[in-house]
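Undergrad: After the structure tokens below, expect a handful of questions from me.
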Amino acid sequence: MRRIRRPDRLYLAGALLILVFITILSFQDWNTFGTTALEVEQSRQILQQTESLLSLVKDAETGQRGFLITGEERYLEPYSSAVAALPAELGQLRTLSAGRPTVRPKIDAIEVLIREKLEELTDTIQTRRKQGFAAAQDLIKTDRGKRTMDEIRRLGGEAENEVYTRLMIESRQWQQEGQRTQLTMALGAGILFCFLLLASFDIGRATAERDRLIVDLQLANARTLNSRDLLQTTIASIGDAVIATDSFAKITFLNAIAERLTGWKQEEAAGQPLDRVFQIVNEHTRATVENPATKVLREGTVAGLANHTLLIARDGSQHPIDDSGAPIRNAYGDTVGVVLVFRDIGERRATEKALAEGEERLRLAVEAGEIGIWDWDVVNNRITWSERLYALHGVEPGRFAGTREDFDLLVHPDDRAFLQGSIQQSLQEHAPHRMEFRVVHPDGSIRWLATSALAHYGESGKPIRMLGAVTDITDTKQAEQQLRLLNETLRRTNQDLQQFSYAASHDLKEPLRTVSNYLQLLRNRHSGQVLGQEALELVQVAISGAQRMHALVEALLEYSRAGEVGASTVEPVPVEQAVKDALTNLQGAISEASADISVGPLPTVTANRLHLTQVFQNLISNALKYRSKEPPRISISASESFGECEFVVEDNGVGIAPQYHSQVFGIFKRLHGSDYPGAGIGLATCKKIVERYGGRIWLESEPGKGSRFFLALPRTLNIAVISQKDER
């Protein structure tokens with residue numbers, strides 16, 4: 001008896017080990033499968049949130065542009081909506097990317113850039129409101145907003161590419177984990193089945209003896225029962241739904257997943273016809289679908305469910321499912337039942353739908369923006385164009401073979417080599433490719449196009465694919481050409497006006513000097529002989545008028561020269577030194593007025609030193625001139641914020657009424673008549689110089705409470721701004 005039972009114990013132990021091993025592997029694979037599914041969903045949400053964030057920034061910029069062009073507040077609606085929604089969108093994106101150490105820095109950088117972009121949009125909108133379109137246009141020409149938006153797009157593109165790449169990897173892992181789980185179960189079942197066959201074969205060899213046959217049959221029955229129980233336990237623990245039937249298509253077993261999806265419990269479903277518990281219909285037509293168990297029993301082969309199949313649960317709920325049914329055979333190969341294995345694919349459908357909707361939104365955005373798309377397979381040198389891109393090049397779709405060299409022939413000969421070199425340089429440096437180039441249409445017309453592209457690289461670091469977008473910028477180029485011509489015309493006009501002001505000032509000063517000199521000579525020679533007191537007073541009035549006219553001409557000449565220094569003389573200037581020069585020039589007036597002047601720490605700005613000295617000298621001179629009965633107290637201080645330096649010149653003088661705050665900066669605008677000396681050009685000169693550097697000047701004052709003049713200058717100046725203003 002011992003010799004008979006020993007192989008059975010070995011077979012039983014081996015079966016248990018196989019089942020335990022299969023269970024452990026299935027559990028591990030399922031955990032990995034679930035984790036990968038969560039990561040896939042998180043990556044998808046990050047992609048959607050990033051697209052939504054970039055779309056909001058574009059909406060804000062679109063609203064700003066509409067307002068700048070029209071000046072109408074209703075065009076700011078997209079801007080206001082985007083600004084209101086951006087904080088919540090950014091918060092959600094930060095939460096989603098919290099566990100992504102490679103993506104989070106880019107998200108943080110994008111958040112900083114978005115704040116900078118919103119500040120730039122706010123500045124231009126406020127400038128448009130207060131100073132008009134030309135001033136707002138000057139701010140835009142600094143390219144601050146464009147650089148910020150380009151950086152946002154770049155970082156957004158990098159973040160999306162990284163998350164998308166990870167999503168593809170995670171999706172593949174997800175599929176692989178599911179396939180591996182199925183393979184593990186299939187192999188385990190096969191091994192167990194072979195193991196049981198081997199055991200049955202060994203048992204059959206002992207049927208010659210009656211007593212051994214009885215014992216072997218008992219042991220075989222015990223092993224069969226144990227295997228069935230273990231198999232049911234294993235099936236009950238897997239992630240798919242399982243239903244087993246007998247040869248009459250009546251249910252014998254449901255696992256927990258099948259109970260949840262069908263709404264039937266094991267004890268309720270046992271013995272019920274499969275069609276009653278497992279009701280399936282077509283998702284679109286709602287027509288009843290043939291039960292796969294019927295086909296399995298009829299043909300004895302594996303049968304898969306039809307596509308777009310819905311399972312109608314007991315409570316009426318619906319679940320999209322897929323998978324297949326397989327026959328259960330006895331030792332003689334006869335079909336004794338059917339096992340159905342299926343799963344709920346609702347989440348997968350939702351994911352696929354979301355991806356399809358995202359692709360559709362991208363397609364609509366590309367079509368709405370009239371953007372051409374190209375996809376270059378670098379390895380095989382094959383390029384695919386969208387229909388819009390063919391139209392931009394002026395050719396019919398499918399005209400060329402599809403290599404990049406074929407399409408390069410459409411590029412203007414003068415730009416062809418540069419375009420090819422730029423692409424190669426971008427691939428070598430792993431950098432985005434951006435370029436403007438010309439194409440020649442079949443009718444001979446020339447169009448300007450702008451392209452931007454990103455490359456994808458393989459594990460070896462070599463480029464394998466490049467995706468790009470192309471837009472038509474012909475109208476922009478033509479506008480730039482017209483603007484250059486207009487600037488040149490303005491520059492020549494300004495030169496003519498400046499030369500006229502010099503000549504007119506010179507021609508006016510000489511007659512005035514002659515009149516003044518002769519009047520003084522008349523007064524000095526004949527004051528006590530020919531001319532009486534009344535005549536002397538009239539002569540004195542004429543002399544004073546000539547002198548005032550001479551001073552006005554001098555001031556006008558000074559105003560015309562304000563800001564005429566070219567960009568070549570612009571350099572970093574310590575403002576403290578420029579103030580010191582102004583105080584030295586005004587030393588006599590300061591001593592005469594017994595003025596107390598304090599100067600705080602002052603920064604360095606990019607400007608012309610003579611300009612800064614002239615500005616501060618005029619402001620300090622005004623404070624000395626329009627002083628109150630108390631000795632003048634003048635303070636000069638500075639602060640920095642958002643890339644600009646703000647200076648304050650404060651005094652305790654007579655003050656200025658609020659209604660005259662803007663008027664005092666006009667040329668020849670004087671509030672006190674002849675009570676104070678001057679030509680009324682000093683503050684106008686300050687305003688002209690400050691605005692030339694892209695700055696602002698304003699004041700806060702009340703009568704009897706002194707004045708505070710504010711002067712804001714950029715800390716660093718784009719030389720192109722100076723050059724452009726010189727041309728004008």
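Residue numbers start at 1 in each chain; chains themselves are named A, B, ... in the order of the structure tokens; ligands are numbered from 1 in the order shown.
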Would you list the contacts of region 695-704 of chain A as a list in words, taking every protein, DNA or RNA residue within 7 Å and counting only C-alpha atoms, but skipping same-chain residues closer than 3 positions in sequence?
TA: Gly653, Val654, Gly655, Ile656, Ala657, Pro658, His661, Lys687, Val690, Glu691, Ser707, Arg708, Phe709, Phe710, Leu711, Ala712, Leu713 and Pro714 of chain A
Undergrad: Would you save the residues from that selection as a tab-separated table (two decimals), in the first residue's frame, using N, CA and C atoms?
TA:
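again-v9.tsv was written with the following content:
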```
chain	number	residue	atom	x	y	z
A	653	GLY	N	8.09	122.08	-1.72
A	653	GLY	CA	7.79	123.35	-2.37
A	653	GLY	C	6.32	123.71	-2.35
A	654	VAL	N	5.95	124.58	-3.28
A	654	VAL	CA	4.60	125.14	-3.29
A	654	VAL	C	3.56	124.12	-3.74
A	655	GLY	N	3.97	123.06	-4.44
A	655	GLY	CA	3.03	122.04	-4.88
A	655	GLY	C	2.28	122.43	-6.14
A	656	ILE	N	1.55	121.43	-6.70
A	656	ILE	CA	0.82	121.62	-7.96
A	656	ILE	C	-0.56	121.00	-7.80
A	657	ALA	N	-1.58	121.71	-8.22
A	657	ALA	CA	-2.95	121.20	-8.15
A	657	ALA	C	-3.11	119.98	-9.05
A	658	PRO	N	-3.92	118.98	-8.64
A	658	PRO	CA	-4.06	117.73	-9.41
A	658	PRO	C	-4.48	117.94	-10.86
A	661	HIS	N	-1.46	118.16	-13.28
A	661	HIS	CA	-0.37	117.18	-13.22
A	661	HIS	C	0.11	116.74	-14.60
A	687	LYS	N	10.40	114.50	-19.93
A	687	LYS	CA	9.46	113.50	-20.45
A	687	LYS	C	9.94	112.91	-21.76
A	690	VAL	N	12.94	110.48	-20.98
A	690	VAL	CA	12.53	109.27	-20.27
A	690	VAL	C	11.76	108.33	-21.21
A	691	GLU	N	10.83	108.88	-21.97
A	691	GLU	CA	10.05	108.02	-22.86
A	691	GLU	C	10.89	107.45	-23.98
A	707	SER	N	5.92	118.33	-3.80
A	707	SER	CA	5.72	117.50	-4.99
A	707	SER	C	6.62	116.27	-4.93
A	708	ARG	N	6.15	115.20	-5.54
A	708	ARG	CA	6.95	113.97	-5.69
A	708	ARG	C	6.92	113.59	-7.17
A	709	PHE	N	8.07	113.71	-7.82
A	709	PHE	CA	8.20	113.33	-9.23
A	709	PHE	C	8.75	111.90	-9.28
A	710	PHE	N	8.04	111.03	-10.02
A	710	PHE	CA	8.42	109.63	-10.16
A	710	PHE	C	9.00	109.41	-11.57
A	711	LEU	N	10.08	108.66	-11.61
A	711	LEU	CA	10.78	108.40	-12.88
A	711	LEU	C	11.08	106.90	-12.93
A	712	ALA	N	10.48	106.15	-13.88
A	712	ALA	CA	10.68	104.71	-14.02
A	712	ALA	C	11.45	104.43	-15.30
A	713	LEU	N	12.59	103.72	-15.17
A	713	LEU	CA	13.43	103.36	-16.31
A	713	LEU	C	13.73	101.87	-16.27
A	714	PRO	N	13.81	101.20	-17.45
A	714	PRO	CA	14.21	99.79	-17.44
A	714	PRO	C	15.65	99.65	-16.97
```
Undergrad: If you run DSSP over the backbone, which residues in region 293-364 of chain A end up strand (DSSP E)? Put them as a PyMOL selection string.
TA: chain A and resi 303-304+309-312+318-329+335-344
Undergrad: What does the distance from CA of Arg329 (chain A) to CA of Cys194 (chain A) come to in Å, to one decimal?
TA: 13.8 Å
Undergrad: Between CA of Asp651 (chain A) and CA of Pro603 (chain A), what is the distance, to one decimal in Å?
TA: 20.9 Å
Undergrad: Which is closer to Glu650 (chain A) than all the others in A:Gln318, A:Thr294, A:Ser637, A:Asn618, using only C-alpha atoms?
TA: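 Result for the nearest residue to Glu650 (chain A): A:Ser637.
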Undergrad: Give me the residues near region 103-109 of chain A as a list in words, where near means some atom within 9 Å (using only C-alpha atoms) and where sequence neighbours in that chain fewer than 4 positions away do not count.
TA: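 Residues meeting the cut-off are Thr50, Leu90, Leu93, Arg94, Ser97, Ala98, Gly99, Leu113, Ile114, Ile152, Leu155, Gly156, Glu158, Ala159, Glu160, Glu162 and Val163 of chain A.
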Undergrad: Need to verify the contact set: region 241-247 of chain A, 6 Å, only C-alpha atoms, exclusion of same-chain residues closer than 3 positions in sequence. Can you return it as a PDB file with N, CA, C and O atoms, in the first residue's frame?
TA:
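As a result, result-v7.pdb now contains:
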```pdb
ATOM      1  N   LYS A 250     -26.074  24.990 -18.878  1.00  0.00           N
ATOM      2  CA  LYS A 250     -26.576  25.454 -17.597  1.00  0.00           C
ATOM      3  C   LYS A 250     -25.398  25.770 -16.676  1.00  0.00           C
ATOM      4  O   LYS A 250     -24.402  25.040 -16.660  1.00  0.00           O
ATOM      5  N   ILE A 251     -25.550  26.843 -15.923  1.00  0.00           N
ATOM      6  CA  ILE A 251     -24.422  27.370 -15.154  1.00  0.00           C
ATOM      7  C   ILE A 251     -24.081  26.453 -13.996  1.00  0.00           C
ATOM      8  O   ILE A 251     -24.969  25.982 -13.261  1.00  0.00           O
ATOM      9  N   THR A 252     -22.772  26.224 -13.856  1.00  0.00           N
ATOM     10  CA  THR A 252     -22.260  25.447 -12.724  1.00  0.00           C
ATOM     11  C   THR A 252     -21.373  26.293 -11.816  1.00  0.00           C
ATOM     12  O   THR A 252     -21.180  25.936 -10.649  1.00  0.00           O
ATOM     13  N   PHE A 253     -20.845  27.404 -12.333  1.00  0.00           N
ATOM     14  CA  PHE A 253     -19.918  28.189 -11.492  1.00  0.00           C
ATOM     15  C   PHE A 253     -19.856  29.642 -12.003  1.00  0.00           C
ATOM     16  O   PHE A 253     -19.876  29.898 -13.207  1.00  0.00           O
ATOM     17  N   LEU A 254     -19.801  30.593 -11.058  1.00  0.00           N
ATOM     18  CA  LEU A 254     -19.509  32.010 -11.325  1.00  0.00           C
ATOM     19  C   LEU A 254     -18.472  32.465 -10.306  1.00  0.00           C
ATOM     20  O   LEU A 254     -18.601  32.159  -9.109  1.00  0.00           O
ATOM     21  N   ASN A 255     -17.462  33.168 -10.754  1.00  0.00           N
ATOM     22  CA  ASN A 255     -16.546  33.763  -9.779  1.00  0.00           C
ATOM     23  C   ASN A 255     -17.090  35.121  -9.325  1.00  0.00           C
ATOM     24  O   ASN A 255     -18.127  35.593  -9.802  1.00  0.00           O
ATOM     25  N   ILE A 257     -16.118  38.198  -9.780  1.00  0.00           N
ATOM     26  CA  ILE A 257     -16.206  39.244 -10.803  1.00  0.00           C
ATOM     27  C   ILE A 257     -17.437  39.025 -11.668  1.00  0.00           C
ATOM     28  O   ILE A 257     -18.167  39.966 -12.009  1.00  0.00           O
ATOM     29  N   ALA A 258     -17.693  37.758 -12.029  1.00  0.00           N
ATOM     30  CA  ALA A 258     -18.877  37.451 -12.828  1.00  0.00           C
ATOM     31  C   ALA A 258     -20.150  37.760 -12.045  1.00  0.00           C
ATOM     32  O   ALA A 258     -21.141  38.245 -12.608  1.00  0.00           O
ATOM     33  N   VAL A 336     -17.856  18.627 -22.331  1.00  0.00           N
ATOM     34  CA  VAL A 336     -18.758  18.409 -21.204  1.00  0.00           C
ATOM     35  C   VAL A 336     -19.199  19.741 -20.581  1.00  0.00           C
ATOM     36  O   VAL A 336     -19.906  19.749 -19.572  1.00  0.00           O
ATOM     37  N   GLY A 337     -18.775  20.838 -21.183  1.00  0.00           N
ATOM     38  CA  GLY A 337     -19.166  22.144 -20.655  1.00  0.00           C
ATOM     39  C   GLY A 337     -18.424  23.265 -21.368  1.00  0.00           C
ATOM     40  O   GLY A 337     -17.660  23.043 -22.321  1.00  0.00           O
ATOM     41  N   VAL A 338     -18.696  24.456 -20.902  1.00  0.00           N
ATOM     42  CA  VAL A 338     -18.085  25.647 -21.497  1.00  0.00           C
ATOM     43  C   VAL A 338     -17.601  26.562 -20.371  1.00  0.00           C
ATOM     44  O   VAL A 338     -18.273  26.678 -19.329  1.00  0.00           O
ATOM     45  N   VAL A 339     -16.467  27.174 -20.574  1.00  0.00           N
ATOM     46  CA  VAL A 339     -15.997  28.203 -19.657  1.00  0.00           C
ATOM     47  C   VAL A 339     -15.914  29.529 -20.425  1.00  0.00           C
ATOM     48  O   VAL A 339     -15.345  29.596 -21.515  1.00  0.00           O
ATOM     49  N   LEU A 340     -16.569  30.549 -19.880  1.00  0.00           N
ATOM     50  CA  LEU A 340     -16.544  31.886 -20.471  1.00  0.00           C
ATOM     51  C   LEU A 340     -15.643  32.777 -19.619  1.00  0.00           C
ATOM     52  O   LEU A 340     -15.809  32.836 -18.390  1.00  0.00           O
ATOM     53  N   VAL A 341     -14.723  33.446 -20.268  1.00  0.00           N
ATOM     54  CA  VAL A 341     -13.836  34.398 -19.588  1.00  0.00           C
ATOM     55  C   VAL A 341     -14.045  35.759 -20.260  1.00  0.00           C
ATOM     56  O   VAL A 341     -13.846  35.896 -21.467  1.00  0.00           O
ATOM     57  N   PHE A 342     -14.471  36.753 -19.489  1.00  0.00           N
ATOM     58  CA  PHE A 342     -14.741  38.074 -20.072  1.00  0.00           C
ATOM     59  C   PHE A 342     -14.366  39.148 -19.057  1.00  0.00           C
ATOM     60  O   PHE A 342     -14.153  38.882 -17.874  1.00  0.00           O
ATOM     61  N   ARG A 343     -14.275  40.360 -19.543  1.00  0.00           N
ATOM     62  CA  ARG A 343     -13.900  41.492 -18.672  1.00  0.00           C
ATOM     63  C   ARG A 343     -14.690  42.739 -19.069  1.00  0.00           C
ATOM     64  O   ARG A 343     -15.110  42.889 -20.223  1.00  0.00           O
TER      65      ARG A 343
END
```
Undergrad: Using only C-alpha atoms for the distances, tell me which of A:Asn622, A:Ser452, A:Ser55, A:Gln577 is nearest to Leu610 (chain A).
TA: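 That would be A:Gln577, the residue with the smallest distance to Leu610 (chain A).
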Undergrad: Using only C-alpha atoms, pick whichever of A:Leu311, A:Arg154, A:Glu39, A:Gln175 has the shortest atom-to-atom distance to His433 (chain A).
TA: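 Among A:Leu311, A:Arg154, A:Glu39, A:Gln175, it is A:Arg154 that comes nearest to His433 (chain A).
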